file start-v9.pdb (PDB, C-alpha atoms)
ATOM      1  CA  MET O   1       1.091  -0.926 -24.056  1.00  0.00           C
ATOM      2  CA  ASP O   2       2.232   1.872 -26.328  1.00  0.00           C
ATOM      3  CA  GLY O   3       0.738   5.257 -25.625  1.00  0.00           C
ATOM      4  CA  CYS O   4       0.599   8.900 -26.431  1.00  0.00           C
ATOM      5  CA  VAL O   5       0.537  11.936 -24.183  1.00  0.00           C
ATOM      6  CA  MET O   6      -1.354  14.975 -25.370  1.00  0.00           C
ATOM      7  CA  SER O   7      -1.062  18.436 -23.888  1.00  0.00           C
ATOM      8  CA  GLU O   8      -4.228  19.971 -25.306  1.00  0.00           C
ATOM      9  CA  GLN O   9      -4.524  23.263 -23.521  1.00  0.00           C
ATOM     10  CA  GLN O  10      -2.239  26.203 -22.927  1.00  0.00           C
ATOM     11  CA  GLY O  11       0.320  24.504 -20.701  1.00  0.00           C
ATOM     12  CA  ALA O  12       3.196  22.187 -21.330  1.00  0.00           C
ATOM     13  CA  ILE O  13       4.825  19.129 -19.784  1.00  0.00           C
ATOM     14  CA  SER O  14       8.418  19.086 -18.584  1.00  0.00           C
ATOM     15  CA  VAL O  15       9.995  15.905 -17.214  1.00  0.00           C
ATOM     16  CA  ARG O  16      13.465  16.068 -15.659  1.00  0.00           C
ATOM     17  CA  ASP O  17      15.665  13.211 -14.450  1.00  0.00           C
ATOM     18  CA  LEU O  18      12.642  10.994 -13.730  1.00  0.00           C
ATOM     19  CA  THR O  19      13.454   7.734 -11.968  1.00  0.00           C
ATOM     20  CA  ARG O  20      11.078   5.085 -10.623  1.00  0.00           C
ATOM     21  CA  ASP O  21      12.310   2.097  -8.640  1.00  0.00           C
ATOM     22  CA  TYR O  22      10.205  -0.689  -7.194  1.00  0.00           C
ATOM     23  CA  ARG O  23      11.171  -3.025  -4.392  1.00  0.00           C
ATOM     24  CA  ARG O  24      10.555  -6.721  -5.005  1.00  0.00           C
ATOM     25  CA  SER O  25       9.076  -8.848  -2.247  1.00  0.00           C
ATOM     26  CA  ARG O  26      11.435 -10.371   0.273  1.00  0.00           C
ATOM     27  CA  THR O  27      12.614 -13.862  -0.474  1.00  0.00           C
ATOM     28  CA  SER O  28      14.079 -14.423   2.996  1.00  0.00           C
ATOM     29  CA  LEU O  29      14.038 -12.882   6.463  1.00  0.00           C
ATOM     30  CA  LEU O  30      17.688 -11.897   6.181  1.00  0.00           C
ATOM     31  CA  HIS O  31      17.650 -10.108   2.808  1.00  0.00           C
ATOM     32  CA  PRO O  32      15.376  -7.306   1.647  1.00  0.00           C
ATOM     33  CA  GLY O  33      13.797  -7.593  -1.785  1.00  0.00           C
ATOM     34  CA  ALA O  34      15.880  -6.498  -4.754  1.00  0.00           C
ATOM     35  CA  SER O  35      15.285  -3.104  -6.327  1.00  0.00           C
ATOM     36  CA  VAL O  36      13.907  -3.006  -9.873  1.00  0.00           C
ATOM     37  CA  HIS O  37      14.579   0.072 -12.012  1.00  0.00           C
ATOM     38  CA  ALA O  38      11.454   0.786 -14.082  1.00  0.00           C
ATOM     39  CA  LEU O  39      12.645   4.238 -15.242  1.00  0.00           C
ATOM     40  CA  ARG O  40      16.047   5.838 -14.972  1.00  0.00           C
ATOM     41  CA  ASP O  41      16.879   9.519 -15.653  1.00  0.00           C
ATOM     42  CA  ILE O  42      14.117  10.244 -18.200  1.00  0.00           C
ATOM     43  CA  SER O  43      13.901  13.857 -19.454  1.00  0.00           C
ATOM     44  CA  PHE O  44      11.716  15.433 -22.162  1.00  0.00           C
ATOM     45  CA  ASP O  45       9.401  18.357 -22.897  1.00  0.00           C
ATOM     46  CA  VAL O  46       5.994  18.434 -24.603  1.00  0.00           C
ATOM     47  CA  GLN O  47       4.886  21.888 -25.700  1.00  0.00           C
ATOM     48  CA  ALA O  48       1.236  22.968 -25.760  1.00  0.00           C
ATOM     49  CA  GLY O  49      -0.602  21.419 -28.702  1.00  0.00           C
ATOM     50  CA  GLU O  50       2.096  18.821 -29.363  1.00  0.00           C
ATOM     51  CA  ARG O  51       1.609  15.064 -29.373  1.00  0.00           C
ATOM     52  CA  PHE O  52       4.306  12.915 -27.849  1.00  0.00           C
ATOM     53  CA  GLY O  53       4.373   9.185 -28.585  1.00  0.00           C
ATOM     54  CA  ILE O  54       5.887   6.682 -26.194  1.00  0.00           C
ATOM     55  CA  VAL O  55       6.968   3.474 -27.907  1.00  0.00           C
ATOM     56  CA  GLY O  56       9.166   0.672 -26.651  1.00  0.00           C
ATOM     57  CA  GLU O  57       9.503  -2.993 -26.035  1.00  0.00           C
ATOM     58  CA  SER O  58       7.646  -4.845 -23.320  1.00  0.00           C
ATOM     59  CA  GLY O  59       9.029  -3.995 -19.892  1.00  0.00           C
ATOM     60  CA  SER O  60      10.739  -0.780 -20.993  1.00  0.00           C
ATOM     61  CA  GLY O  61       8.731   1.464 -18.621  1.00  0.00           C
ATOM     62  CA  LYS O  62       6.085   2.958 -20.941  1.00  0.00           C
ATOM     63  CA  SER O  63       3.167   2.215 -18.628  1.00  0.00           C
ATOM     64  CA  THR O  64       5.098   3.370 -15.564  1.00  0.00           C
ATOM     65  CA  LEU O  65       5.902   6.679 -17.267  1.00  0.00           C
ATOM     66  CA  LEU O  66       2.277   7.213 -18.297  1.00  0.00           C
ATOM     67  CA  ARG O  67       1.028   6.396 -14.793  1.00  0.00           C
ATOM     68  CA  ILE O  68       3.412   8.988 -13.311  1.00  0.00           C
ATOM     69  CA  LEU O  69       2.366  11.629 -15.871  1.00  0.00           C
ATOM     70  CA  ALA O  70      -1.295  10.986 -15.021  1.00  0.00           C
ATOM     71  CA  GLY O  71      -0.619  11.300 -11.295  1.00  0.00           C
ATOM     72  CA  LEU O  72      -1.475   7.633 -10.676  1.00  0.00           C
ATOM     73  CA  ASP O  73       2.036   6.762  -9.456  1.00  0.00           C
ATOM     74  CA  ARG O  74       4.894   8.720  -7.877  1.00  0.00           C
ATOM     75  CA  PRO O  75       8.498   8.960  -9.066  1.00  0.00           C
ATOM     76  CA  THR O  76      11.330   7.813  -6.832  1.00  0.00           C
ATOM     77  CA  SER O  77      13.214  10.958  -7.888  1.00  0.00           C
ATOM     78  CA  GLY O  78      13.073  13.673 -10.525  1.00  0.00           C
ATOM     79  CA  SER O  79      10.277  16.066 -11.406  1.00  0.00           C
ATOM     80  CA  VAL O  80       7.174  16.277 -13.574  1.00  0.00           C
ATOM     81  CA  VAL O  81       5.937  19.818 -14.230  1.00  0.00           C
ATOM     82  CA  ILE O  82       2.555  20.247 -15.933  1.00  0.00           C
ATOM     83  CA  ASP O  83       1.197  23.734 -16.612  1.00  0.00           C
ATOM     84  CA  GLY O  84       3.932  25.153 -14.364  1.00  0.00           C
ATOM     85  CA  ILE O  85       2.953  22.931 -11.403  1.00  0.00           C
ATOM     86  CA  ASP O  86       5.351  20.269 -10.135  1.00  0.00           C
ATOM     87  CA  ILE O  87       3.026  17.290  -9.649  1.00  0.00           C
ATOM     88  CA  SER O  88       5.761  14.973  -8.377  1.00  0.00           C
ATOM     89  CA  ARG O  89       4.963  15.508  -4.702  1.00  0.00           C
ATOM     90  CA  LEU O  90       1.466  17.005  -4.749  1.00  0.00           C
ATOM     91  CA  PRO O  91      -1.186  15.351  -2.588  1.00  0.00           C
ATOM     92  CA  GLU O  92      -3.804  13.324  -4.466  1.00  0.00           C
ATOM     93  CA  ARG O  93      -6.577  15.902  -3.951  1.00  0.00           C
ATOM     94  CA  ARG O  94      -4.477  18.571  -5.731  1.00  0.00           C
ATOM     95  CA  LEU O  95      -4.043  16.443  -8.873  1.00  0.00           C
ATOM     96  CA  ARG O  96      -7.631  16.839 -10.134  1.00  0.00           C
ATOM     97  CA  PHE O  97      -6.604  19.512 -12.632  1.00  0.00           C
ATOM     98  CA  LEU O  98      -4.767  16.791 -14.592  1.00  0.00           C
ATOM     99  CA  ARG O  99      -8.014  15.192 -15.717  1.00  0.00           C
ATOM    100  CA  ASP O 100      -8.902  18.301 -17.733  1.00  0.00           C
ATOM    101  CA  ARG O 101      -5.412  18.954 -19.109  1.00  0.00           C
ATOM    102  CA  LEU O 102      -3.957  15.567 -19.936  1.00  0.00           C
ATOM    103  CA  GLN O 103      -5.225  12.746 -22.105  1.00  0.00           C
ATOM    104  CA  LEU O 104      -3.675   9.322 -22.402  1.00  0.00           C
ATOM    105  CA  VAL O 105      -4.391   7.343 -25.548  1.00  0.00           C
ATOM    106  CA  PHE O 106      -3.520   3.663 -25.342  1.00  0.00           C
ATOM    107  CA  GLN O 107      -2.829   1.759 -28.524  1.00  0.00           C
ATOM    108  CA  ASP O 108      -4.322  -1.542 -27.476  1.00  0.00           C
ATOM    109  CA  PRO O 109      -7.353  -1.621 -29.799  1.00  0.00           C
ATOM    110  CA  MET O 110      -8.908  -4.654 -28.117  1.00  0.00           C
ATOM    111  CA  SER O 111      -9.267  -2.843 -24.788  1.00  0.00           C
ATOM    112  CA  SER O 112      -9.449   0.776 -26.020  1.00  0.00           C
ATOM    113  CA  LEU O 113     -11.835   0.677 -28.968  1.00  0.00           C
ATOM    114  CA  ASP O 114     -15.340  -0.742 -29.102  1.00  0.00           C
ATOM    115  CA  PRO O 115     -15.821  -2.241 -32.596  1.00  0.00           C
ATOM    116  CA  ARG O 116     -19.583  -1.591 -32.332  1.00  0.00           C
ATOM    117  CA  MET O 117     -19.085   2.185 -32.053  1.00  0.00           C
ATOM    118  CA  ARG O 118     -18.367   4.651 -34.843  1.00  0.00           C
ATOM    119  CA  VAL O 119     -14.963   6.329 -34.699  1.00  0.00           C
ATOM    120  CA  ARG O 120     -16.541   9.791 -34.257  1.00  0.00           C
ATOM    121  CA  ASP O 121     -18.501   8.504 -31.232  1.00  0.00           C
ATOM    122  CA  ILE O 122     -15.361   7.010 -29.680  1.00  0.00           C
ATOM    123  CA  ILE O 123     -13.490  10.292 -30.127  1.00  0.00           C
ATOM    124  CA  ALA O 124     -16.412  12.315 -28.753  1.00  0.00           C
ATOM    125  CA  GLU O 125     -16.879  10.075 -25.698  1.00  0.00           C
ATOM    126  CA  PRO O 126     -14.434  11.941 -23.379  1.00  0.00           C
ATOM    127  CA  LEU O 127     -15.946  15.286 -24.445  1.00  0.00           C
ATOM    128  CA  VAL O 128     -19.422  14.008 -23.549  1.00  0.00           C
ATOM    129  CA  ALA O 129     -18.160  12.667 -20.203  1.00  0.00           C
ATOM    130  CA  GLN O 130     -16.679  16.077 -19.308  1.00  0.00           C
ATOM    131  CA  GLY O 131     -19.721  18.007 -20.552  1.00  0.00           C
ATOM    132  CA  ILE O 132     -17.741  19.904 -23.196  1.00  0.00           C
ATOM    133  CA  GLY O 133     -19.917  21.624 -25.788  1.00  0.00           C
ATOM    134  CA  GLY O 134     -19.260  22.034 -29.506  1.00  0.00           C
ATOM    135  CA  ARG O 135     -18.288  18.389 -29.802  1.00  0.00           C
ATOM    136  CA  GLN O 136     -19.168  18.056 -33.484  1.00  0.00           C
ATOM    137  CA  GLY O 137     -16.641  20.710 -34.526  1.00  0.00           C
ATOM    138  CA  ARG O 138     -13.931  19.448 -32.181  1.00  0.00           C
ATOM    139  CA  VAL O 139     -14.274  15.861 -33.339  1.00  0.00           C
TER     140      VAL O 139
END

call {"tool": "encode", "arguments": {"input": "start-v9.pdb", "output": "structure tokens"}}
result
Amino acid sequence: MDGCVMSEQQGAISVRDLTRDYRRSRTSLLHPGASVHALRDISFDVQAGERFGIVGESGSGKSTLLRILAGLDRPTSGSVVIDGIDISRLPERRLRFLRDRLQLVFQDPMSSLDPRMRVRDIIAEPLVAQGIGGRQGRV
């Protein structure tokens, strides 16, 4: 699933040395499950107003990275700073500000786009959901 991260408002995104490991299930009582490296030492910056595309082959960690940026998963190590706030270790209840500041756009048209809707309606849908006025001009 290719995706794009957009920092729409005044802040920026800074990712430093981001690593995410997962532990596989045990296969025996004597040996713990193997560790799988989904991300290893990822660093980048997205300035306010910029668009940042994430593209890679299947299994390269794109979805894991997007889930961490959206606060839906936690890194094993490293930091994610959005609008000057390190979200890497924040409790879930303190991550609500992300929903207004960050937008993930997935490039899987079969699950992302409704072919019965007009493009302008699809683009306006998140603005309607958040009660943002002046949609016509923004779209």

call {"tool": "atom_distance", "arguments": {"input": "start-v9.pdb", "atom1": "atom CA of O:Asp114", "atom2": "atom CA of O:Ser60"}}
result
27.3 Å

call {"tool": "atom_distance", "arguments": {"input": "start-v9.pdb", "atom1": "atom CA of O:Arg20", "atom2": "atom CA of O:Asp83"}}
result
21.9 Å

call {"tool": "resolve_selection", "arguments": {"input": "start-v9.pdb", "expression": "the PyMOL selection byres ((chain O and resi 88) around 9)", "output": "VMD selection string"}}
result
chain O and resid 68 to 69 71 74 to 75 77 to 81 85 to 87 89 to 90

call {"tool": "atom_distance", "arguments": {"input": "start-v9.pdb", "atom1": "atom CA of O:Arg138", "atom2": "atom CA of O:Arg116"}}
result
21.8 Å

call {"tool": "residues_around", "arguments": {"input": "start-v9.pdb", "residues": "O:Ala38", "least_positions_apart": "3", "cutoff": "10 Å", "atoms": "all atoms listed in the file", "output": "number ranges by chain"}}
result
O: 19-22, 35, 59-65

call {"tool": "resolve_selection", "arguments": {"input": "start-v9.pdb", "expression": "the PyMOL selection byres ((chain O and resi 137) around 12)", "output": "ChimeraX atom specification"}}
result
/O:120,123-124,127,132-136,138-139

call {"tool": "resolve_selection", "arguments": {"input": "start-v9.pdb", "expression": "the PyMOL selection byres ((chain O and resi 97) around 12)", "output": "PDB file with C-alpha atoms, in the frame of the given file"}}
result
ATOM      1  CA  GLN O   9      -4.524  23.263 -23.521  1.00  0.00           C
ATOM      2  CA  GLY O  11       0.320  24.504 -20.701  1.00  0.00           C
ATOM      3  CA  ALA O  70      -1.295  10.986 -15.021  1.00  0.00           C
ATOM      4  CA  GLY O  71      -0.619  11.300 -11.295  1.00  0.00           C
ATOM      5  CA  ILE O  82       2.555  20.247 -15.933  1.00  0.00           C
ATOM      6  CA  ASP O  83       1.197  23.734 -16.612  1.00  0.00           C
ATOM      7  CA  ILE O  85       2.953  22.931 -11.403  1.00  0.00           C
ATOM      8  CA  ILE O  87       3.026  17.290  -9.649  1.00  0.00           C
ATOM      9  CA  LEU O  90       1.466  17.005  -4.749  1.00  0.00           C
ATOM     10  CA  GLU O  92      -3.804  13.324  -4.466  1.00  0.00           C
ATOM     11  CA  ARG O  93      -6.577  15.902  -3.951  1.00  0.00           C
ATOM     12  CA  ARG O  94      -4.477  18.571  -5.731  1.00  0.00           C
ATOM     13  CA  LEU O  95      -4.043  16.443  -8.873  1.00  0.00           C
ATOM     14  CA  ARG O  96      -7.631  16.839 -10.134  1.00  0.00           C
ATOM     15  CA  LEU O  98      -4.767  16.791 -14.592  1.00  0.00           C
ATOM     16  CA  ARG O  99      -8.014  15.192 -15.717  1.00  0.00           C
ATOM     17  CA  ASP O 100      -8.902  18.301 -17.733  1.00  0.00           C
ATOM     18  CA  ARG O 101      -5.412  18.954 -19.109  1.00  0.00           C
ATOM     19  CA  LEU O 102      -3.957  15.567 -19.936  1.00  0.00           C
ATOM     20  CA  GLN O 103      -5.225  12.746 -22.105  1.00  0.00           C
TER      21      GLN O 103
END

call {"tool": "axis_aligned_box", "arguments": {"input": "start-v9.pdb", "around": "stretch 83-96 of chain O", "padding_each_side": "4 Å", "output": "lines of an AutoDock Vina configuration file"}}
result
center_x = -0.9
center_y = 19.2
center_z = -9.6
size_x = 21.4
size_y = 19.8
size_z = 22.0

call {"tool": "closest_residue", "arguments": {"input": "start-v9.pdb", "among": "O:Thr76, O:Ser58, O:Gln130, O:Gln47", "to": "O:Leu18", "atoms": "all atoms listed in the file"}}
result
O:Thr76

call {"tool": "closest_residue", "arguments": {"input": "start-v9.pdb", "among": "O:Ala129, O:Leu30, O:Arg23, O:Ala12", "to": "O:Glu50", "atoms": "only C-alpha atoms"}}
result
O:Ala12
